[in-house]
Amino acid sequence: MSDVTTHLGLPLLAAGQAQKHVTHNEALALLDGLVQLACLDKDLGAPPASPAEGDRYLVTTSSPTGAWRGLSGQVVRFTDGVWVGAVPAAGWIAYIADEKCAYVFDGQAWAPLTSSGASDRLGINTQADATNRLALKSDAALFSWDDVMPGSGDARFTINKKLASRDAGFVFQTGWSSRALFGTLGGDDFVLKTSSDGSAFVTALTAAAATGIVSFAKSPVAPTPASTDSSTQLATTAYVQRALAPSRVAISDADYTVQATDRIVAITKLTASRTLTLPSASTFPMGTNLTFLDETGACSPSQTLSLHPASSETINGMPGLALDTPYAFLSLQSDGVSRWTVAGRKPTANRSTFTSVAYPGPKQVLDNGFHRIAMPNILSDDGQNWDSTNNWYVCPRTGIYQIDANLRLVDRTASGTQYGLGVYTDEADGPWFLWHFTGTGSAIRSTFAYSRMTVQNAGERLRLYSYTEPTASADSAALQICLISEAV
C-alpha cells in the first residue's frame, strides 16, 4: 500500500506510527496549499526576495534559478521558511492573481483556461458537447463593451468561416426545429432564409456582397392597388423605383391610346393634329397624375392635341379637351370610376385667343336679309383663330368669350332704316342679335356698338353679320373676340 494519496500526494499515517501529528500536519499543509489554488504570478524565473508565509507561484520557466531550481512546471509554496514544490496532474486549475485569469494544466504545460487545447468546451447551466462546445441555457445573454483599460468601447461579435462556400450565420428555432437563417450562407452574399418545417428553406432576401443591391426573390412584383385604394403601398424596391420614376412614353407625330401604366405622355414630334385616347378612369389609380407634355412647341389652334376619355367618361364634365398652345402642359387625375379632373396645366396667355379684325370700307351693300360682313383687315391674331376665307373666328378652347363689335351704317333716306347687328355661330335672328332703327330724318352715318359675353365650345365659329334695308349699307365695321375664362 502506498504511503501517499493518489492525486495530491498527501502523506498517510502508518499503523503504529510515532509522532502521527507530524504526518497529519504535513497533509493539512499540502491541502492548504493546493485546494482553492490561487497563485500570485507565473512568470518569475526565481523566487521573490521577501516572500510571505503561504505565498504560492506557478513556475512555468524551463530553467528556474535559486531555490526554485528543479521545480519547473510545479506549484511552489513558501512554508516554514523554505520553498516546497508540488507536481501538478492534468486538470489542475490555478487562478493567477496578477492576471485575473485561470490557468489549467493539460499534462504538459499550463495554459489559459479559455485557450483551445486547455478547455475544449464550456457549458453554462447546460451541457456542452462536441458540436456545441460553448453552450448557454438562459433567458437572456449580455455582451457589453469592456470598461477596463485597454477596452476601446467597441463591442463586436465576430463569426469567421474558413471558405466562402461554408456557412457563417445565425439559426432561429422553434422547439429545436429551424425556422429562419441569416448570414453569409454558402457564399459571401448576406442572405435571409425561412422555413415552415425546418428542412425546406426559401430565400427571402439577398444583399449582394459585390454591389450591395438588395433583392427579394419571392416578392419581385408589387401588388396592384384596387381602383378605390388611395393609400401608399410599399412592397418591393421595384415598387419604390416605379413610384420615384414615373413611366414616361414618347409619342412621335401619331395618335396614341394611353395605357393605365403610363404617367407621362410626351409629344416629341407634331406636324398635324393628333388624338390621345385616355384609359378608362376605373383602371387608373386615384391620387396619381397623368401628365401630357408638348415638347415640340408645335402645338397650336391649327395643330392640336385632343384628349378623348373612354366611352361616356368626361374631363371636367366635358367630353374632351384640346391642347392648342406651344409647349402645352396638362395633368389629369381619375376618380377611380368614370371621371377625370384637370389637376394642373400651364397657364395660357389670352393673347393667343385675342383676335381683332376690321372692315374700313368702301361700303358693303347688305340688302334685305342677314348677311355676313367681310373683315379683310387682320389687326391682331396671334393664335391664328381668324379664318379670313370664311370671315369667322374659330374658338380655340371651351370657355367664356368677350365679344365687342361696332358697325357704321350709311342711310340716306328721310324715313329711317331698320337694321340689326349680331355675332353668333350662324346668320340668324335670336337673343344674340340686336335690332336698331335710325329714326326719321336722313342720317348719313350712324355708328352702333355691340358687346356681350358668351360661353362657346372649342371649334365653334363666330361671325359678325347684319341686317339692313335696301336703302342702307355698311360703311365700316370692327370685331374683337377674346377668351376671358377657360372651362378647366
# chains A, B, ... in the order shown; residues from 1 in each chain; ligands from 1

$ residues_around --residues "Gln74 (chain A)" --least-positions-apart "2" --cutoff "12 Å" --atoms "only C-alpha atoms" --output "PDB file with all heavy atoms, in the first residue's frame"
ATOM      1  N   LEU A  34      -2.845  23.561  -1.839  1.00  0.00           N
ATOM      2  CA  LEU A  34      -3.294  23.155  -3.167  1.00  0.00           C
ATOM      3  C   LEU A  34      -4.795  23.289  -3.402  1.00  0.00           C
ATOM      4  O   LEU A  34      -5.242  23.442  -4.541  1.00  0.00           O
ATOM      5  CB  LEU A  34      -2.878  21.697  -3.417  1.00  0.00           C
ATOM      6  CG  LEU A  34      -1.366  21.428  -3.412  1.00  0.00           C
ATOM      7  CD1 LEU A  34      -1.094  19.952  -3.642  1.00  0.00           C
ATOM      8  CD2 LEU A  34      -0.653  22.279  -4.444  1.00  0.00           C
ATOM      9  N   CYS A  39      -2.431  31.509  -7.200  1.00  0.00           N
ATOM     10  CA  CYS A  39      -1.008  31.873  -7.212  1.00  0.00           C
ATOM     11  C   CYS A  39      -0.851  33.363  -7.509  1.00  0.00           C
ATOM     12  O   CYS A  39      -1.667  33.970  -8.190  1.00  0.00           O
ATOM     13  CB  CYS A  39      -0.268  31.049  -8.249  1.00  0.00           C
ATOM     14  SG  CYS A  39      -0.349  29.263  -7.951  1.00  0.00           S
ATOM     15  N   LYS A  42       3.026  33.775 -12.431  1.00  0.00           N
ATOM     16  CA  LYS A  42       3.501  32.564 -13.107  1.00  0.00           C
ATOM     17  C   LYS A  42       4.694  32.852 -14.001  1.00  0.00           C
ATOM     18  O   LYS A  42       5.155  31.952 -14.717  1.00  0.00           O
ATOM     19  CB  LYS A  42       2.381  31.966 -13.978  1.00  0.00           C
ATOM     20  CG  LYS A  42       1.986  32.826 -15.164  1.00  0.00           C
ATOM     21  CD  LYS A  42       1.046  32.086 -16.080  1.00  0.00           C
ATOM     22  CE  LYS A  42       0.700  32.893 -17.328  1.00  0.00           C
ATOM     23  NZ  LYS A  42       1.892  33.314 -18.097  1.00  0.00           N
ATOM     24  N   ARG A  56       2.174  31.455  -2.987  1.00  0.00           N
ATOM     25  CA  ARG A  56       2.231  30.395  -3.974  1.00  0.00           C
ATOM     26  C   ARG A  56       2.476  30.980  -5.369  1.00  0.00           C
ATOM     27  O   ARG A  56       1.979  32.049  -5.699  1.00  0.00           O
ATOM     28  CB  ARG A  56       0.915  29.606  -3.978  1.00  0.00           C
ATOM     29  CG  ARG A  56       0.675  28.816  -2.713  1.00  0.00           C
ATOM     30  CD  ARG A  56      -0.740  28.269  -2.644  1.00  0.00           C
ATOM     31  NE  ARG A  56      -1.746  29.317  -2.489  1.00  0.00           N
ATOM     32  CZ  ARG A  56      -3.047  29.091  -2.361  1.00  0.00           C
ATOM     33  NH1 ARG A  56      -3.504  27.847  -2.388  1.00  0.00           N
ATOM     34  NH2 ARG A  56      -3.893  30.082  -2.220  1.00  0.00           N
ATOM     35  N   TYR A  57       3.218  30.257  -6.198  1.00  0.00           N
ATOM     36  CA  TYR A  57       3.556  30.668  -7.546  1.00  0.00           C
ATOM     37  C   TYR A  57       3.501  29.454  -8.473  1.00  0.00           C
ATOM     38  O   TYR A  57       3.700  28.309  -8.034  1.00  0.00           O
ATOM     39  CB  TYR A  57       4.962  31.275  -7.618  1.00  0.00           C
ATOM     40  CG  TYR A  57       5.090  32.603  -6.904  1.00  0.00           C
ATOM     41  CD1 TYR A  57       5.358  32.641  -5.527  1.00  0.00           C
ATOM     42  CD2 TYR A  57       4.971  33.793  -7.597  1.00  0.00           C
ATOM     43  CE1 TYR A  57       5.476  33.847  -4.856  1.00  0.00           C
ATOM     44  CE2 TYR A  57       5.101  35.022  -6.937  1.00  0.00           C
ATOM     45  CZ  TYR A  57       5.337  35.040  -5.582  1.00  0.00           C
ATOM     46  OH  TYR A  57       5.453  36.245  -4.923  1.00  0.00           O
ATOM     47  N   LEU A  58       3.243  29.738  -9.739  1.00  0.00           N
ATOM     48  CA  LEU A  58       3.447  28.722 -10.780  1.00  0.00           C
ATOM     49  C   LEU A  58       4.813  28.962 -11.387  1.00  0.00           C
ATOM     50  O   LEU A  58       5.130  30.088 -11.805  1.00  0.00           O
ATOM     51  CB  LEU A  58       2.393  28.833 -11.884  1.00  0.00           C
ATOM     52  CG  LEU A  58       0.986  28.278 -11.626  1.00  0.00           C
ATOM     53  CD1 LEU A  58       0.156  28.369 -12.904  1.00  0.00           C
ATOM     54  CD2 LEU A  58       1.034  26.866 -11.112  1.00  0.00           C
ATOM     55  N   VAL A  59       5.605  27.924 -11.466  1.00  0.00           N
ATOM     56  CA  VAL A  59       6.927  28.039 -12.085  1.00  0.00           C
ATOM     57  C   VAL A  59       6.797  27.496 -13.499  1.00  0.00           C
ATOM     58  O   VAL A  59       6.753  26.262 -13.711  1.00  0.00           O
ATOM     59  CB  VAL A  59       7.991  27.261 -11.278  1.00  0.00           C
ATOM     60  CG1 VAL A  59       9.363  27.417 -11.929  1.00  0.00           C
ATOM     61  CG2 VAL A  59       8.035  27.751  -9.835  1.00  0.00           C
ATOM     62  N   THR A  60       6.669  28.408 -14.465  1.00  0.00           N
ATOM     63  CA  THR A  60       6.452  27.981 -15.853  1.00  0.00           C
ATOM     64  C   THR A  60       7.707  28.077 -16.708  1.00  0.00           C
ATOM     65  O   THR A  60       7.713  27.564 -17.826  1.00  0.00           O
ATOM     66  CB  THR A  60       5.340  28.828 -16.505  1.00  0.00           C
ATOM     67  OG1 THR A  60       5.735  30.203 -16.450  1.00  0.00           O
ATOM     68  CG2 THR A  60       4.017  28.640 -15.760  1.00  0.00           C
ATOM     69  N   THR A  61       8.763  28.728 -16.167  1.00  0.00           N
ATOM     70  CA  THR A  61      10.001  28.797 -16.946  1.00  0.00           C
ATOM     71  C   THR A  61      10.675  27.444 -16.959  1.00  0.00           C
ATOM     72  O   THR A  61      10.560  26.646 -16.016  1.00  0.00           O
ATOM     73  CB  THR A  61      10.958  29.850 -16.361  1.00  0.00           C
ATOM     74  OG1 THR A  61      11.240  29.500 -15.004  1.00  0.00           O
ATOM     75  CG2 THR A  61      10.335  31.237 -16.407  1.00  0.00           C
ATOM     76  N   SER A  62      11.410  27.172 -18.011  1.00  0.00           N
ATOM     77  CA  SER A  62      12.043  25.853 -18.149  1.00  0.00           C
ATOM     78  C   SER A  62      13.262  25.682 -17.260  1.00  0.00           C
ATOM     79  O   SER A  62      13.621  24.549 -16.901  1.00  0.00           O
ATOM     80  CB  SER A  62      12.428  25.618 -19.615  1.00  0.00           C
ATOM     81  OG  SER A  62      13.333  26.628 -20.048  1.00  0.00           O
ATOM     82  N   SER A  63      13.903  26.787 -16.892  1.00  0.00           N
ATOM     83  CA  SER A  63      15.132  26.675 -16.074  1.00  0.00           C
ATOM     84  C   SER A  63      15.116  27.709 -14.964  1.00  0.00           C
ATOM     85  O   SER A  63      15.863  28.721 -14.999  1.00  0.00           O
ATOM     86  CB  SER A  63      16.374  26.865 -16.960  1.00  0.00           C
ATOM     87  OG  SER A  63      16.427  25.897 -17.984  1.00  0.00           O
ATOM     88  N   PRO A  64      14.266  27.527 -13.950  1.00  0.00           N
ATOM     89  CA  PRO A  64      14.265  28.482 -12.844  1.00  0.00           C
ATOM     90  C   PRO A  64      15.565  28.397 -12.040  1.00  0.00           C
ATOM     91  O   PRO A  64      16.272  27.389 -12.074  1.00  0.00           O
ATOM     92  CB  PRO A  64      13.062  28.025 -12.014  1.00  0.00           C
ATOM     93  CG  PRO A  64      12.914  26.563 -12.321  1.00  0.00           C
ATOM     94  CD  PRO A  64      13.326  26.421 -13.751  1.00  0.00           C
ATOM     95  N   TRP A  68      14.238  27.762  -6.579  1.00  0.00           N
ATOM     96  CA  TRP A  68      13.264  27.115  -7.467  1.00  0.00           C
ATOM     97  C   TRP A  68      13.936  26.170  -8.478  1.00  0.00           C
ATOM     98  O   TRP A  68      13.245  25.592  -9.313  1.00  0.00           O
ATOM     99  CB  TRP A  68      12.473  28.162  -8.247  1.00  0.00           C
ATOM    100  CG  TRP A  68      11.466  28.901  -7.395  1.00  0.00           C
ATOM    101  CD1 TRP A  68      11.207  28.703  -6.090  1.00  0.00           C
ATOM    102  CD2 TRP A  68      10.610  29.945  -7.844  1.00  0.00           C
ATOM    103  NE1 TRP A  68      10.240  29.563  -5.640  1.00  0.00           N
ATOM    104  CE2 TRP A  68       9.839  30.364  -6.741  1.00  0.00           C
ATOM    105  CE3 TRP A  68      10.409  30.615  -9.043  1.00  0.00           C
ATOM    106  CZ2 TRP A  68       8.907  31.375  -6.788  1.00  0.00           C
ATOM    107  CZ3 TRP A  68       9.471  31.615  -9.114  1.00  0.00           C
ATOM    108  CH2 TRP A  68       8.703  32.009  -7.986  1.00  0.00           C
ATOM    109  N   ARG A  69      15.234  26.040  -8.374  1.00  0.00           N
ATOM    110  CA  ARG A  69      15.929  25.176  -9.320  1.00  0.00           C
ATOM    111  C   ARG A  69      15.350  23.767  -9.234  1.00  0.00           C
ATOM    112  O   ARG A  69      15.165  23.215  -8.138  1.00  0.00           O
ATOM    113  CB  ARG A  69      17.429  25.156  -9.010  1.00  0.00           C
ATOM    114  CG  ARG A  69      18.274  24.379 -10.047  1.00  0.00           C
ATOM    115  CD  ARG A  69      19.733  24.341  -9.603  1.00  0.00           C
ATOM    116  NE  ARG A  69      20.297  25.669  -9.450  1.00  0.00           N
ATOM    117  CZ  ARG A  69      20.797  26.415 -10.437  1.00  0.00           C
ATOM    118  NH1 ARG A  69      20.793  25.916 -11.668  1.00  0.00           N
ATOM    119  NH2 ARG A  69      21.288  27.612 -10.195  1.00  0.00           N
ATOM    120  N   GLY A  70      15.042  23.174 -10.377  1.00  0.00           N
ATOM    121  CA  GLY A  70      14.470  21.837 -10.423  1.00  0.00           C
ATOM    122  C   GLY A  70      12.980  21.771 -10.204  1.00  0.00           C
ATOM    123  O   GLY A  70      12.402  20.675 -10.199  1.00  0.00           O
ATOM    124  N   LEU A  71      12.312  22.932 -10.041  1.00  0.00           N
ATOM    125  CA  LEU A  71      10.865  22.946  -9.793  1.00  0.00           C
ATOM    126  C   LEU A  71      10.067  23.448 -11.005  1.00  0.00           C
ATOM    127  O   LEU A  71       8.920  23.870 -10.868  1.00  0.00           O
ATOM    128  CB  LEU A  71      10.540  23.817  -8.567  1.00  0.00           C
ATOM    129  CG  LEU A  71      11.221  23.394  -7.258  1.00  0.00           C
ATOM    130  CD1 LEU A  71      10.845  24.359  -6.125  1.00  0.00           C
ATOM    131  CD2 LEU A  71      10.797  21.978  -6.887  1.00  0.00           C
ATOM    132  N   SER A  72      10.610  23.407 -12.195  1.00  0.00           N
ATOM    133  CA  SER A  72       9.931  23.887 -13.394  1.00  0.00           C
ATOM    134  C   SER A  72       8.622  23.139 -13.601  1.00  0.00           C
ATOM    135  O   SER A  72       8.569  21.912 -13.500  1.00  0.00           O
ATOM    136  CB  SER A  72      10.822  23.695 -14.625  1.00  0.00           C
ATOM    137  OG  SER A  72      10.155  24.118 -15.795  1.00  0.00           O
ATOM    138  N   VAL A  76       4.677  26.008  -6.461  1.00  0.00           N
ATOM    139  CA  VAL A  76       5.570  26.153  -5.305  1.00  0.00           C
ATOM    140  C   VAL A  76       4.893  27.022  -4.261  1.00  0.00           C
ATOM    141  O   VAL A  76       4.156  27.953  -4.577  1.00  0.00           O
ATOM    142  CB  VAL A  76       6.934  26.746  -5.725  1.00  0.00           C
ATOM    143  CG1 VAL A  76       7.657  25.829  -6.692  1.00  0.00           C
ATOM    144  CG2 VAL A  76       6.769  28.135  -6.337  1.00  0.00           C
ATOM    145  N   ARG A  77       5.151  26.685  -2.965  1.00  0.00           N
ATOM    146  CA  ARG A  77       4.606  27.475  -1.875  1.00  0.00           C
ATOM    147  C   ARG A  77       5.707  27.715  -0.846  1.00  0.00           C
ATOM    148  O   ARG A  77       6.603  26.874  -0.650  1.00  0.00           O
ATOM    149  CB  ARG A  77       3.419  26.761  -1.239  1.00  0.00           C
ATOM    150  CG  ARG A  77       3.764  25.534  -0.452  1.00  0.00           C
ATOM    151  CD  ARG A  77       2.484  24.824   0.008  1.00  0.00           C
ATOM    152  NE  ARG A  77       2.749  23.729   0.929  1.00  0.00           N
ATOM    153  CZ  ARG A  77       3.186  22.520   0.596  1.00  0.00           C
ATOM    154  NH1 ARG A  77       3.412  22.256  -0.685  1.00  0.00           N
ATOM    155  NH2 ARG A  77       3.372  21.584   1.515  1.00  0.00           N
ATOM    156  N   TRP A  83      10.936  26.865   0.244  1.00  0.00           N
ATOM    157  CA  TRP A  83      10.059  26.676  -0.911  1.00  0.00           C
ATOM    158  C   TRP A  83       9.843  25.184  -1.136  1.00  0.00           C
ATOM    159  O   TRP A  83      10.783  24.413  -1.225  1.00  0.00           O
ATOM    160  CB  TRP A  83      10.659  27.287  -2.170  1.00  0.00           C
ATOM    161  CG  TRP A  83      10.673  28.797  -2.130  1.00  0.00           C
ATOM    162  CD1 TRP A  83      11.728  29.584  -1.802  1.00  0.00           C
ATOM    163  CD2 TRP A  83       9.579  29.645  -2.411  1.00  0.00           C
ATOM    164  NE1 TRP A  83      11.390  30.904  -1.851  1.00  0.00           N
ATOM    165  CE2 TRP A  83      10.048  30.979  -2.239  1.00  0.00           C
ATOM    166  CE3 TRP A  83       8.250  29.460  -2.774  1.00  0.00           C
ATOM    167  CZ2 TRP A  83       9.246  32.092  -2.416  1.00  0.00           C
ATOM    168  CZ3 TRP A  83       7.460  30.549  -2.967  1.00  0.00           C
ATOM    169  CH2 TRP A  83       7.941  31.862  -2.792  1.00  0.00           C
ATOM    170  N   VAL A  84       8.555  24.799  -1.213  1.00  0.00           N
ATOM    171  CA  VAL A  84       8.190  23.408  -1.416  1.00  0.00           C
ATOM    172  C   VAL A  84       7.395  23.306  -2.711  1.00  0.00           C
ATOM    173  O   VAL A  84       6.482  24.108  -2.974  1.00  0.00           O
ATOM    174  CB  VAL A  84       7.342  22.880  -0.240  1.00  0.00           C
ATOM    175  CG1 VAL A  84       6.935  21.433  -0.496  1.00  0.00           C
ATOM    176  CG2 VAL A  84       8.113  22.990   1.060  1.00  0.00           C
ATOM    177  N   GLY A  85       7.751  22.357  -3.562  1.00  0.00           N
ATOM    178  CA  GLY A  85       7.063  22.198  -4.841  1.00  0.00           C
ATOM    179  C   GLY A  85       6.075  21.054  -4.841  1.00  0.00           C
ATOM    180  O   GLY A  85       6.239  20.088  -4.103  1.00  0.00           O
ATOM    181  N   ALA A  86       5.023  21.204  -5.702  1.00  0.00           N
ATOM    182  CA  ALA A  86       4.041  20.135  -5.892  1.00  0.00           C
ATOM    183  C   ALA A  86       3.874  19.902  -7.388  1.00  0.00           C
ATOM    184  O   ALA A  86       3.627  20.847  -8.158  1.00  0.00           O
ATOM    185  CB  ALA A  86       2.717  20.484  -5.252  1.00  0.00           C
ATOM    186  N   VAL A  87       4.061  18.652  -7.802  1.00  0.00           N
ATOM    187  CA  VAL A  87       3.959  18.324  -9.232  1.00  0.00           C
ATOM    188  C   VAL A  87       2.476  18.254  -9.607  1.00  0.00           C
ATOM    189  O   VAL A  87       1.724  17.473  -9.006  1.00  0.00           O
ATOM    190  CB  VAL A  87       4.657  16.993  -9.530  1.00  0.00           C
ATOM    191  CG1 VAL A  87       4.496  16.642 -11.019  1.00  0.00           C
ATOM    192  CG2 VAL A  87       6.122  17.066  -9.148  1.00  0.00           C
ATOM    193  N   PRO A  88       2.039  19.083 -10.578  1.00  0.00           N
ATOM    194  CA  PRO A  88       0.619  19.090 -10.948  1.00  0.00           C
ATOM    195  C   PRO A  88       0.238  17.868 -11.780  1.00  0.00           C
ATOM    196  O   PRO A  88       1.091  17.254 -12.426  1.00  0.00           O
ATOM    197  CB  PRO A  88       0.460  20.364 -11.754  1.00  0.00           C
ATOM    198  CG  PRO A  88       1.796  20.536 -12.405  1.00  0.00           C
ATOM    199  CD  PRO A  88       2.823  20.041 -11.393  1.00  0.00           C
ATOM    200  N   ALA A  89      -1.035  17.541 -11.756  1.00  0.00           N
ATOM    201  CA  ALA A  89      -1.586  16.497 -12.638  1.00  0.00           C
ATOM    202  C   ALA A  89      -2.537  17.161 -13.640  1.00  0.00           C
ATOM    203  O   ALA A  89      -3.014  18.287 -13.436  1.00  0.00           O
ATOM    204  CB  ALA A  89      -2.332  15.460 -11.808  1.00  0.00           C
ATOM    205  N   TRP A  92      -5.478  20.155 -13.197  1.00  0.00           N
ATOM    206  CA  TRP A  92      -5.355  21.137 -12.116  1.00  0.00           C
ATOM    207  C   TRP A  92      -5.635  22.536 -12.664  1.00  0.00           C
ATOM    208  O   TRP A  92      -5.213  22.885 -13.763  1.00  0.00           O
ATOM    209  CB  TRP A  92      -3.954  21.094 -11.498  1.00  0.00           C
ATOM    210  CG  TRP A  92      -3.738  19.961 -10.540  1.00  0.00           C
ATOM    211  CD1 TRP A  92      -4.360  18.758 -10.528  1.00  0.00           C
ATOM    212  CD2 TRP A  92      -2.787  19.962  -9.482  1.00  0.00           C
ATOM    213  NE1 TRP A  92      -3.895  17.964  -9.522  1.00  0.00           N
ATOM    214  CE2 TRP A  92      -2.916  18.687  -8.845  1.00  0.00           C
ATOM    215  CE3 TRP A  92      -1.847  20.860  -8.985  1.00  0.00           C
ATOM    216  CZ2 TRP A  92      -2.123  18.327  -7.746  1.00  0.00           C
ATOM    217  CZ3 TRP A  92      -1.066  20.504  -7.894  1.00  0.00           C
ATOM    218  CH2 TRP A  92      -1.214  19.251  -7.268  1.00  0.00           C
ATOM    219  N   ALA A  94      -5.418  26.717 -11.670  1.00  0.00           N
ATOM    220  CA  ALA A  94      -4.841  27.709 -10.758  1.00  0.00           C
ATOM    221  C   ALA A  94      -5.265  29.103 -11.202  1.00  0.00           C
ATOM    222  O   ALA A  94      -5.205  29.437 -12.397  1.00  0.00           O
ATOM    223  CB  ALA A  94      -3.319  27.593 -10.744  1.00  0.00           C
ATOM    224  N   PHE A 105      -3.670  22.914 -16.218  1.00  0.00           N
ATOM    225  CA  PHE A 105      -2.530  22.096 -16.602  1.00  0.00           C
ATOM    226  C   PHE A 105      -3.041  20.929 -17.433  1.00  0.00           C
ATOM    227  O   PHE A 105      -3.920  20.162 -16.999  1.00  0.00           O
ATOM    228  CB  PHE A 105      -1.800  21.585 -15.356  1.00  0.00           C
ATOM    229  CG  PHE A 105      -0.511  20.881 -15.656  1.00  0.00           C
ATOM    230  CD1 PHE A 105       0.597  21.584 -16.114  1.00  0.00           C
ATOM    231  CD2 PHE A 105      -0.409  19.496 -15.497  1.00  0.00           C
ATOM    232  CE1 PHE A 105       1.799  20.924 -16.383  1.00  0.00           C
ATOM    233  CE2 PHE A 105       0.786  18.835 -15.779  1.00  0.00           C
ATOM    234  CZ  PHE A 105       1.894  19.552 -16.225  1.00  0.00           C
ATOM    235  N   GLY A 107      -1.331  18.420 -18.595  1.00  0.00           N
ATOM    236  CA  GLY A 107      -0.447  17.258 -18.503  1.00  0.00           C
ATOM    237  C   GLY A 107       0.938  17.558 -19.017  1.00  0.00           C
ATOM    238  O   GLY A 107       1.892  16.812 -18.740  1.00  0.00           O
ATOM    239  N   GLN A 108       1.079  18.660 -19.776  1.00  0.00           N
ATOM    240  CA  GLN A 108       2.382  19.042 -20.315  1.00  0.00           C
ATOM    241  C   GLN A 108       2.771  20.456 -19.907  1.00  0.00           C
ATOM    242  O   GLN A 108       3.928  20.709 -19.587  1.00  0.00           O
ATOM    243  CB  GLN A 108       2.360  18.951 -21.860  1.00  0.00           C
ATOM    244  CG  GLN A 108       2.054  17.563 -22.400  1.00  0.00           C
ATOM    245  CD  GLN A 108       3.170  16.566 -22.101  1.00  0.00           C
ATOM    246  OE1 GLN A 108       4.358  16.939 -22.053  1.00  0.00           O
ATOM    247  NE2 GLN A 108       2.797  15.308 -21.876  1.00  0.00           N
ATOM    248  N   ALA A 109       1.787  21.356 -19.944  1.00  0.00           N
ATOM    249  CA  ALA A 109       2.090  22.756 -19.651  1.00  0.00           C
ATOM    250  C   ALA A 109       0.842  23.450 -19.116  1.00  0.00           C
ATOM    251  O   ALA A 109      -0.278  22.934 -19.221  1.00  0.00           O
ATOM    252  CB  ALA A 109       2.590  23.464 -20.909  1.00  0.00           C
ATOM    253  N   TRP A 110       1.076  24.622 -18.543  1.00  0.00           N
ATOM    254  CA  TRP A 110      -0.032  25.460 -18.072  1.00  0.00           C
ATOM    255  C   TRP A 110      -0.489  26.373 -19.210  1.00  0.00           C
ATOM    256  O   TRP A 110       0.333  26.966 -19.903  1.00  0.00           O
ATOM    257  CB  TRP A 110       0.410  26.321 -16.879  1.00  0.00           C
ATOM    258  CG  TRP A 110       0.663  25.527 -15.620  1.00  0.00           C
ATOM    259  CD1 TRP A 110       1.852  25.002 -15.211  1.00  0.00           C
ATOM    260  CD2 TRP A 110      -0.303  25.178 -14.647  1.00  0.00           C
ATOM    261  NE1 TRP A 110       1.723  24.330 -14.034  1.00  0.00           N
ATOM    262  CE2 TRP A 110       0.381  24.425 -13.644  1.00  0.00           C
ATOM    263  CE3 TRP A 110      -1.668  25.401 -14.495  1.00  0.00           C
ATOM    264  CZ2 TRP A 110      -0.250  23.909 -12.522  1.00  0.00           C
ATOM    265  CZ3 TRP A 110      -2.291  24.897 -13.376  1.00  0.00           C
ATOM    266  CH2 TRP A 110      -1.607  24.154 -12.404  1.00  0.00           C
TER     267      TRP A 110
END

$ closest_residue --among "A:Ala358, A:Cys395, A:Ile267, A:Leu462" --to "Arg408 (chain A)" --atoms "only C-alpha atoms"
A:Ala358

$ atom_distance --atom1 "CA of Leu307 (chain A)" --atom2 "CA of Glu486 (chain A)"
15.8 Å

$ residues_around --residues "Gly317 (chain A)" --least-positions-apart "5" --cutoff "12 Å" --atoms "only C-alpha atoms" --output "ChimeraX atom specification"
/A:309,312,338-342,398,487-488

$ closest_residue --among "A:Leu483, A:Ala155, A:Ala217, A:Leu185" --to "Ala168 (chain A)" --atoms "only C-alpha atoms"
A:Leu185

$ residues_around --residues "Gly399 (chain A)" --least-positions-apart "6" --cutoff "12 Å" --atoms "only C-alpha atoms" --output "JSON list (two decimals) with C-alpha atoms, in the first residue's frame"
[["chain", "number", "residue", "atom", "x", "y", "z"],
["A", 318, "MET", "CA", -66.81, 67.77, -70.79],
["A", 321, "LEU", "CA", -60.22, 68.80, -74.12],
["A", 350, "ASN", "CA", -55.13, 85.12, -73.66],
["A", 353, "THR", "CA", -57.07, 83.82, -78.15],
["A", 453, "MET", "CA", -70.13, 87.64, -73.09],
["A", 454, "THR", "CA", -70.94, 84.14, -74.20],
["A", 455, "VAL", "CA", -70.00, 80.54, -73.46],
["A", 456, "GLN", "CA", -68.64, 78.78, -76.52],
["A", 457, "ASN", "CA", -67.20, 75.34, -77.14],
["A", 458, "ALA", "CA", -63.84, 74.72, -78.73],
["A", 459, "GLY", "CA", -64.15, 74.67, -82.52],
["A", 460, "GLU", "CA", -67.34, 76.75, -82.78],
["A", 482, "CYS", "CA", -61.05, 87.15, -76.61],
["A", 483, "LEU", "CA", -61.27, 84.13, -74.28],
["A", 484, "ILE", "CA", -61.56, 85.51, -70.73],
["A", 485, "SER", "CA", -62.15, 82.31, -68.77],
["A", 486, "GLU", "CA", -61.38, 78.72, -69.72],
["A", 487, "ALA", "CA", -63.60, 75.82, -68.74],
["A", 488, "VAL", "CA", -60.91, 73.84, -66.82]]

$ residues_around --residues "region 467-473 of chain A" --least-positions-apart "4" --cutoff "8 Å" --atoms "only C-alpha atoms" --output "list in words"
Lys363, Gln364, Val365, Leu366, Asp367, Asn368, Gly369, Phe370, His371, Leu409, Val410, Asp411, Arg412, Thr413, Thr417, Gln418, Tyr419, Gly420 and Leu421 of chain A

$ write_last_selection --atoms "C-alpha atoms" --output "PDB file, in the first residue's frame"
ATOM      1  CA  LYS A 363     -69.475 100.428 -98.461  1.00  0.00           C
ATOM      2  CA  GLN A 364     -70.848  96.866 -98.352  1.00  0.00           C
ATOM      3  CA  VAL A 365     -74.402  96.662 -99.618  1.00  0.00           C
ATOM      4  CA  LEU A 366     -76.397  94.390 -97.322  1.00  0.00           C
ATOM      5  CA  ASP A 367     -79.835  94.168 -98.928  1.00  0.00           C
ATOM      6  CA  ASN A 368     -82.891  92.761 -97.164  1.00  0.00           C
ATOM      7  CA  GLY A 369     -81.763  89.815 -95.052  1.00  0.00           C
ATOM      8  CA  PHE A 370     -78.966  88.561 -92.792  1.00  0.00           C
ATOM      9  CA  HIS A 371     -75.545  88.907 -94.343  1.00  0.00           C
ATOM     10  CA  LEU A 409     -74.228 102.500 -91.216  1.00  0.00           C
ATOM     11  CA  VAL A 410     -74.820 104.750 -94.216  1.00  0.00           C
ATOM     12  CA  ASP A 411     -78.508 105.737 -94.577  1.00  0.00           C
ATOM     13  CA  ARG A 412     -79.639 108.484 -96.924  1.00  0.00           C
ATOM     14  CA  THR A 413     -83.417 108.070 -96.542  1.00  0.00           C
ATOM     15  CA  THR A 417     -83.921 102.494 -91.621  1.00  0.00           C
ATOM     16  CA  GLN A 418     -84.345  99.343 -89.590  1.00  0.00           C
ATOM     17  CA  TYR A 419     -81.201  97.258 -89.234  1.00  0.00           C
ATOM     18  CA  GLY A 420     -79.549  94.822 -86.814  1.00  0.00           C
ATOM     19  CA  LEU A 421     -76.133  93.584 -85.659  1.00  0.00           C
TER      20      LEU A 421
END
